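Undergrad: Okay, here's the structure, questions in a sec.
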Amino acid sequence: MPDPAWVKVVAVAQLLVLLLIPLEMYSVSRSWTRGQYDARDALTNVGVSIGSIFFWGTLSWILLSTVTVAYRHRLLDIPFTWWTFLLAFVLEDLRYYWWHRIGHRSRWFWASHVVHHSSQHFNLSTNLRQSWTSQFSGLILMSVPLAWLGFSPAMVGLAFSLNLLYQFWLHTEAIDRMPRWFEWLLNTPSHHRVHHGSNARYLDANYAGVFMIWDRMFGSFVPEQAAEPVRYGIVKNLATFNPVRIALHEYAAILRDQLCPGLTLRQRLGYLFGPPGWSRDGLQGTTAGLRAAERSRIGVRDCAAA
Amino acid sequence: MGIAVDIAANLLIGGLLLALFARRRPRDQARLDGPAEALGIYRQHFPDADGTVTLASDQRAALVALRGGNGVGLVVRHARRWNARELQPGELRRVSAAGDVLTLSLSDFGWPASQVSLADPDTRTRWLARLQALAARGTDGAGPEKRLA
């Protein structure tokens with residue numbers, strides 16, 4: 001078990017970093033740093049955050065009981081030492097990478113995660129815009145393997161909290177680039193700006209939490225290009241400041257598609273679990289379709305087509 | 001940390017932001033310069049689009065009569081960004097006029113409505129008719145559910 005004092009330190013740190021939000025806003029308003037804040041957008045982020053905390057807090061028993069059951073049937077007894085914690089941290093980051101990737105590639109999971117991407121602004125307050133439905137999207141099952149392996153729920157929880165704490169500073173335009181070695185190894189604001197981009201080139205890229213090596217290993221790394229400024233948001237942006245609409249809009253869109261008469265079972269599954277933008281009319285709305293359209297516009301052909 | 005502490009921390013941050021916004025008063029003065037700028041913004045979202053642009057009287061929105069079909073493009077200001085949407089049959093539920101303002105009700109839960117002010121009566125009447133026809137085509141069930149994530 002990790003020392004409870006450590007858990008408290010991380011929890012307090014997570015609250016303290018929130019103070020960086022008004023600091024960044026003030027700095028941006030004085031033009032000391034790059035970035036943009038809009039009052040309604042930032043306050044909407046706070047509203048979405050309160051909803052997220054409420055649902056996360058009241059439904060956290062789902063995650064806790066799932067992980068506890070998995071730990072009860074663990075394969076190994078892994079003690080809490082510095083190196084086992086380091087291993088847990090790296091493995092937890094790998095879990096985060098795949099959790100995040102699935103959250104972008106399948107519409108059911110995207111419906112939960114899209115909330116975080118729904119602002120067209122990108123600043124530290126964007127951290128607050130989090131999902132309300134993460135406890136019952138089904139992706140919490142991805143927390144099972146580490147506990148089943150033998151890492152205690154407290155150790156995994158601490159690793160997860162540190163991972164989220166690290167990610168706080170990524171949501172900013174105030175920092176341009178870090179040193180090259182840092183940009184290669186770790187997630188940075190530059191990499192994460194790409195992740196929040198809706199430009200075809202930047203869609204579905206840079207899923208990393210802490211270590212950028214996962215994106216490099218699994219082929220999802222895209223660098224930020226000075227020639228193509230990031231357009232933040234989603235492909236089909238929202239025009240509302242209502243937290244309920246923001247949290248649930250993609251579920252409403254799924255329901256609307258499911259109610260469409262005459263769909264086959266395959267089409268219904270496509271609208272539910274296919275990539276975001278999937279349609280019975282084709283893949284033109286998906287990331288692959290949007291990228292193909294852009295390639296054809298700028299005259300780049302795939303090797304196979306050459 | 002309990003939920004109450006986390007929510008209190010968020011309320012504190014919200015309060016600090018409100019105080020800062022009230023003090024700094026960073027007003028959004030952005031206006032569309034003209035049809036070319038509106039079409040340029042629209043093309044950032046729909047690169048192959050072409051059409052005739054009607055700017056809103058307050059220059060905070062624009063309607064695009066898309067070439068090659070009856071589709072309508074919409075450009076509006078949201079927060080400090082320009083949003084664009086291609087309105088297909090089925091996406092526009094209803095349109096109503098009150099004074100100079102046309103209110104477009106969309107079937108998208110995340111984009112429920114937008115307003116476009118058109119001071120010129122002829123232009124307003126023409127757009128009202130076109131948008132009502134588009135909304136009616138949607139209720140006929142003629143609309144493809146053309147979706148972009």
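Just remember, in the structure tokens the first chain shown is A, the second B, etc., residues are 1-based per chain, and ligands are 1-based in the order shown.
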Please, which residues of segment 11-131 of chain B, numbered as in this document, come out helix (DSSP H, G or I) from DSSP, as a VMD selection string?

TA: chain B and resid 11 to 24 35 to 45 121 to 131

Undergrad: Select residues of chain A: the criterion is any atom within 8 Å of an atom of chain B, counting only C-alpha atoms; output as a ChimeraX atom specification.

TA: /A:8,11,15,18-19,21-22,25-26,29,38-43,46,49-50,53-54,57,120-121,234-240,245-246,249-250,252-253,257,276-279,281,285-286

Undergrad: Would you output that residue set with C-alpha atoms, as a PDB file, in the first residue's frame?

TA:
```
ATOM      1  CA  LYS A   8      -3.141  13.251   0.195  1.00  0.00           C
ATOM      2  CA  ALA A  11      -4.967  15.181  -4.034  1.00  0.00           C
ATOM      3  CA  LEU A  15      -6.601  21.219  -6.196  1.00  0.00           C
ATOM      4  CA  LEU A  18      -6.483  24.793 -10.373  1.00  0.00           C
ATOM      5  CA  LEU A  19      -5.193  28.176  -9.198  1.00  0.00           C
ATOM      6  CA  ILE A  21      -6.260  28.811 -14.343  1.00  0.00           C
ATOM      7  CA  PRO A  22      -7.005  32.364 -13.141  1.00  0.00           C
ATOM      8  CA  MET A  25      -6.294  33.996 -17.671  1.00  0.00           C
ATOM      9  CA  TYR A  26      -4.820  37.128 -16.102  1.00  0.00           C
ATOM     10  CA  SER A  29      -5.522  39.298 -20.604  1.00  0.00           C
ATOM     11  CA  ASP A  38     -13.711  33.647 -23.255  1.00  0.00           C
ATOM     12  CA  ALA A  39     -15.768  34.260 -20.120  1.00  0.00           C
ATOM     13  CA  ARG A  40     -18.740  32.088 -21.115  1.00  0.00           C
ATOM     14  CA  ASP A  41     -16.510  29.285 -22.375  1.00  0.00           C
ATOM     15  CA  ALA A  42     -14.368  29.210 -19.222  1.00  0.00           C
ATOM     16  CA  LEU A  43     -17.370  29.373 -16.899  1.00  0.00           C
ATOM     17  CA  VAL A  46     -16.437  25.079 -14.543  1.00  0.00           C
ATOM     18  CA  SER A  49     -16.515  20.118 -14.195  1.00  0.00           C
ATOM     19  CA  ILE A  50     -18.980  20.293 -11.312  1.00  0.00           C
ATOM     20  CA  ILE A  53     -17.176  15.595 -10.169  1.00  0.00           C
ATOM     21  CA  PHE A  54     -20.703  14.822  -9.038  1.00  0.00           C
ATOM     22  CA  GLY A  57     -17.920  10.864  -7.089  1.00  0.00           C
ATOM     23  CA  GLN A 120     -13.058  25.643 -29.453  1.00  0.00           C
ATOM     24  CA  HIS A 121     -10.717  27.287 -26.980  1.00  0.00           C
ATOM     25  CA  ILE A 234     -14.462  18.896 -32.978  1.00  0.00           C
ATOM     26  CA  VAL A 235     -15.396  18.307 -36.603  1.00  0.00           C
ATOM     27  CA  LYS A 236     -19.010  19.224 -35.916  1.00  0.00           C
ATOM     28  CA  ASN A 237     -18.683  21.962 -33.323  1.00  0.00           C
ATOM     29  CA  LEU A 238     -21.257  22.866 -30.705  1.00  0.00           C
ATOM     30  CA  ALA A 239     -22.999  26.184 -30.254  1.00  0.00           C
ATOM     31  CA  THR A 240     -24.173  26.003 -26.679  1.00  0.00           C
ATOM     32  CA  ARG A 245     -26.218  19.658 -23.716  1.00  0.00           C
ATOM     33  CA  ILE A 246     -22.416  19.552 -23.857  1.00  0.00           C
ATOM     34  CA  HIS A 249     -25.045  15.828 -27.136  1.00  0.00           C
ATOM     35  CA  GLU A 250     -23.376  12.848 -28.789  1.00  0.00           C
ATOM     36  CA  ALA A 252     -28.604  12.386 -28.396  1.00  0.00           C
ATOM     37  CA  ALA A 253     -27.082  12.141 -31.879  1.00  0.00           C
ATOM     38  CA  ASP A 257     -29.504   7.796 -35.705  1.00  0.00           C
ATOM     39  CA  PRO A 276     -17.176   8.888 -35.155  1.00  0.00           C
ATOM     40  CA  GLY A 277     -18.596  10.226 -38.399  1.00  0.00           C
ATOM     41  CA  TRP A 278     -19.452   6.760 -39.716  1.00  0.00           C
ATOM     42  CA  SER A 279     -22.561   6.789 -41.869  1.00  0.00           C
ATOM     43  CA  ASP A 281     -23.684   6.579 -46.824  1.00  0.00           C
ATOM     44  CA  GLY A 285     -17.276  11.924 -42.228  1.00  0.00           C
ATOM     45  CA  THR A 286     -14.703   9.795 -40.422  1.00  0.00           C
TER      46      THR A 286
END
```

Undergrad: Do a neighbour search on segment 33-37 of chain B at 10 Å with only C-alpha atoms, toss out local chain neighbours closer than 5 positions, and write the hits as an mmCIF file with N, CA and C atoms, in the first residue's frame.

TA:
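Resulting contents of around.cif:
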```cif
data_model
loop_
_atom_site.group_PDB
_atom_site.id
_atom_site.type_symbol
_atom_site.label_atom_id
_atom_site.label_comp_id
_atom_site.auth_asym_id
_atom_site.auth_seq_id
_atom_site.Cartn_x
_atom_site.Cartn_y
_atom_site.Cartn_z
ATOM 1 N N TYR B 42 -16.161 29.722 -43.699
ATOM 2 C CA TYR B 42 -16.981 28.541 -44.013
ATOM 3 C C TYR B 42 -16.118 27.457 -44.656
ATOM 4 N N ARG B 43 -15.199 27.887 -45.521
ATOM 5 C CA ARG B 43 -14.350 26.917 -46.231
ATOM 6 C C ARG B 43 -13.310 26.264 -45.321
ATOM 7 N N THR B 52 -23.196 31.944 -52.425
ATOM 8 C CA THR B 52 -23.398 33.381 -52.275
ATOM 9 C C THR B 52 -23.694 33.687 -50.810
ATOM 10 N N VAL B 53 -22.953 34.669 -50.293
ATOM 11 C CA VAL B 53 -23.030 34.955 -48.852
ATOM 12 C C VAL B 53 -23.923 36.154 -48.574
ATOM 13 N N THR B 54 -24.753 36.014 -47.547
ATOM 14 C CA THR B 54 -25.514 37.151 -47.014
ATOM 15 C C THR B 54 -25.043 37.395 -45.586
ATOM 16 N N LEU B 55 -24.489 38.567 -45.355
ATOM 17 C CA LEU B 55 -24.014 38.882 -43.997
ATOM 18 C C LEU B 55 -25.176 39.324 -43.116
ATOM 19 N N ALA B 56 -25.128 38.949 -41.859
ATOM 20 C CA ALA B 56 -26.113 39.454 -40.900
ATOM 21 C C ALA B 56 -25.867 40.943 -40.675
ATOM 22 N N GLN B 59 -23.192 41.691 -38.453
ATOM 23 C CA GLN B 59 -21.925 41.089 -38.935
ATOM 24 C C GLN B 59 -21.368 40.029 -37.977
ATOM 25 N N ARG B 60 -22.273 39.418 -37.201
ATOM 26 C CA ARG B 60 -21.873 38.354 -36.271
ATOM 27 C C ARG B 60 -22.338 36.995 -36.766
ATOM 28 N N ALA B 62 -23.581 34.787 -40.774
ATOM 29 C CA ALA B 62 -23.778 34.856 -42.223
ATOM 30 C C ALA B 62 -24.505 33.614 -42.687
ATOM 31 N N LEU B 63 -25.262 33.781 -43.752
ATOM 32 C CA LEU B 63 -25.919 32.648 -44.396
ATOM 33 C C LEU B 63 -25.296 32.480 -45.776
ATOM 34 N N VAL B 64 -25.087 31.242 -46.162
ATOM 35 C CA VAL B 64 -24.467 30.968 -47.465
ATOM 36 C C VAL B 64 -25.450 30.148 -48.293
#
```

Undergrad: Nearest residue to Ala38 of chain B out of B:Val75, B:Leu134, B:Leu66, B:Ala129, using only C-alpha atoms?

TA: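 Closest to Ala38 of chain B, using only C-alpha atoms: B:Val75.
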
Undergrad: So the first atom is atom CA of Thr68 of chain A and the second is atom CA of Tyr166 of chain A; what is the distance between them in Å, to one decimal place?

TA: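 So the answer is 25.4 Å.
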
Undergrad: Quick one: everything within 12 Å of Leu139 of chain A, counting only C-alpha atoms, minus sequence neighbours fewer than 5 positions away in the same chain. Send it as a PyMOL selection string.

TA: chain A and resi 62-63+66+95-96+98-104+106+108-110+112-113+133-134+144

Undergrad: Which neighbours of Gly35 of chain A fall inside 7 Å, counting only C-alpha atoms, when residues of the same chain fewer than 4 positions from it are skipped, and could you give them as JSON, numbers by chain?

TA: {"A": [28, 123, 173, 174]}

Undergrad: Per DSSP on the backbone, filter segment 196-300 of chain A down to the residues in strand (DSSP E or B) and report them as a PyMOL selection string.

TA: chain A and resi 197+211+232+279+282

Undergrad: When you look at segment 189-193 of chain A with a cut-off of 9 Å (counting only C-alpha atoms), what residues show up, excluding the ones that are within fewer than 2 positions of it in the same chain? I need them as an NGL selection string.

TA: :A and (122 or 169-178 or 183 or 187 or 195-197 or 205-208 or 212 or 221-224 or 230 or 232)

Undergrad: With N, CA, C and O atoms retained, write the just-selected residues as a compact mmCIF listing (two decimals), in the first residue's frame.

TA:
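Saved result, out_12.txt, follows:
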```txt
# COMPACT_ATOMS: atom_id res chain seq x y z
N PHE A 122 -8.58 26.64 -26.10
CA PHE A 122 -7.63 25.71 -25.51
C PHE A 122 -6.80 26.47 -24.49
O PHE A 122 -5.93 27.28 -24.84
N TRP A 169 -0.84 20.67 -17.17
CA TRP A 169 -0.10 21.75 -17.82
C TRP A 169 -0.09 21.63 -19.35
O TRP A 169 0.36 22.54 -20.04
N LEU A 170 -0.60 20.53 -19.87
CA LEU A 170 -0.59 20.32 -21.32
C LEU A 170 -1.58 21.22 -22.04
O LEU A 170 -1.43 21.51 -23.22
N HIS A 171 -2.62 21.66 -21.31
CA HIS A 171 -3.69 22.42 -21.95
C HIS A 171 -3.37 23.91 -21.92
O HIS A 171 -4.02 24.69 -21.21
N THR A 172 -2.42 24.31 -22.71
CA THR A 172 -2.08 25.73 -22.75
C THR A 172 -1.41 26.09 -24.07
O THR A 172 -0.73 25.26 -24.69
N GLU A 173 -1.63 27.33 -24.48
CA GLU A 173 -0.91 27.87 -25.65
C GLU A 173 0.26 28.73 -25.19
O GLU A 173 1.02 29.24 -26.01
N ALA A 174 0.37 28.89 -23.86
CA ALA A 174 1.41 29.78 -23.32
C ALA A 174 2.82 29.21 -23.52
O ALA A 174 3.79 29.96 -23.59
N ILE A 175 2.91 27.90 -23.60
CA ILE A 175 4.22 27.26 -23.78
C ILE A 175 4.32 26.76 -25.22
O ILE A 175 3.47 26.00 -25.68
N ASP A 176 5.35 27.21 -25.92
CA ASP A 176 5.49 26.83 -27.32
C ASP A 176 6.07 25.42 -27.43
O ASP A 176 5.35 24.45 -27.65
N ARG A 177 7.37 25.29 -27.25
CA ARG A 177 8.02 23.98 -27.33
C ARG A 177 8.96 23.80 -26.14
O ARG A 177 9.56 24.75 -25.67
N MET A 178 9.12 22.54 -25.74
CA MET A 178 10.08 22.17 -24.72
C MET A 178 11.36 21.71 -25.43
O MET A 178 11.37 21.55 -26.66
N GLU A 183 10.46 16.79 -25.76
CA GLU A 183 9.38 16.62 -26.74
C GLU A 183 9.35 15.19 -27.29
O GLU A 183 8.29 14.68 -27.64
N ASN A 187 4.87 13.85 -23.15
CA ASN A 187 3.78 14.65 -23.69
C ASN A 187 4.00 16.11 -23.32
O ASN A 187 4.45 16.42 -22.21
N HIS A 195 -3.53 17.17 -30.41
CA HIS A 195 -4.58 16.24 -30.00
C HIS A 195 -5.96 16.91 -29.95
O HIS A 195 -6.99 16.28 -30.21
N HIS A 196 -5.99 18.19 -29.63
CA HIS A 196 -7.27 18.91 -29.54
C HIS A 196 -7.65 19.58 -30.86
O HIS A 196 -8.63 20.33 -30.90
N GLY A 197 -6.90 19.33 -31.90
CA GLY A 197 -7.18 19.97 -33.18
C GLY A 197 -8.29 19.27 -33.95
O GLY A 197 -8.47 18.06 -33.85
N ALA A 205 -4.90 11.83 -33.10
CA ALA A 205 -3.45 11.77 -32.94
C ALA A 205 -3.07 12.11 -31.50
O ALA A 205 -3.84 12.74 -30.78
N ASN A 206 -1.89 11.67 -31.13
CA ASN A 206 -1.28 12.04 -29.84
C ASN A 206 -2.18 11.74 -28.63
O ASN A 206 -2.62 12.63 -27.92
N TYR A 207 -2.40 10.45 -28.40
CA TYR A 207 -3.26 10.02 -27.31
C TYR A 207 -2.54 9.93 -25.96
O TYR A 207 -3.16 9.63 -24.95
N ALA A 208 -1.25 10.13 -25.96
CA ALA A 208 -0.45 9.86 -24.76
C ALA A 208 -0.94 10.65 -23.56
O ALA A 208 -1.49 11.75 -23.69
N MET A 212 5.27 10.03 -24.52
CA MET A 212 4.92 10.17 -25.94
C MET A 212 5.33 8.93 -26.74
O MET A 212 4.91 8.76 -27.89
N PHE A 221 1.47 9.27 -33.68
CA PHE A 221 2.12 10.55 -33.39
C PHE A 221 2.04 11.50 -34.59
O PHE A 221 2.34 11.12 -35.72
N VAL A 222 1.62 12.73 -34.33
CA VAL A 222 1.60 13.78 -35.37
C VAL A 222 2.19 15.04 -34.73
O VAL A 222 1.70 15.50 -33.70
N PRO A 223 3.25 15.59 -35.33
CA PRO A 223 3.84 16.81 -34.75
C PRO A 223 3.03 18.05 -35.12
O PRO A 223 2.34 18.07 -36.13
N GLU A 224 3.14 19.06 -34.29
CA GLU A 224 2.49 20.35 -34.57
C GLU A 224 3.26 21.05 -35.69
O GLU A 224 4.49 21.11 -35.64
N VAL A 230 -3.41 25.07 -35.27
CA VAL A 230 -4.43 24.14 -34.79
C VAL A 230 -5.78 24.86 -34.69
O VAL A 230 -5.86 25.96 -34.15
N TYR A 232 -8.99 24.37 -32.83
CA TYR A 232 -9.46 23.56 -31.70
C TYR A 232 -10.95 23.24 -31.83
O TYR A 232 -11.70 23.99 -32.43
```

Undergrad: For a test of reading the model, state the distance in Å between atom CA of Gly282 of chain A and atom CA of Arg107 of chain A, rounded to one decimal.

TA: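 These atoms are spaced 15.2 Å apart.
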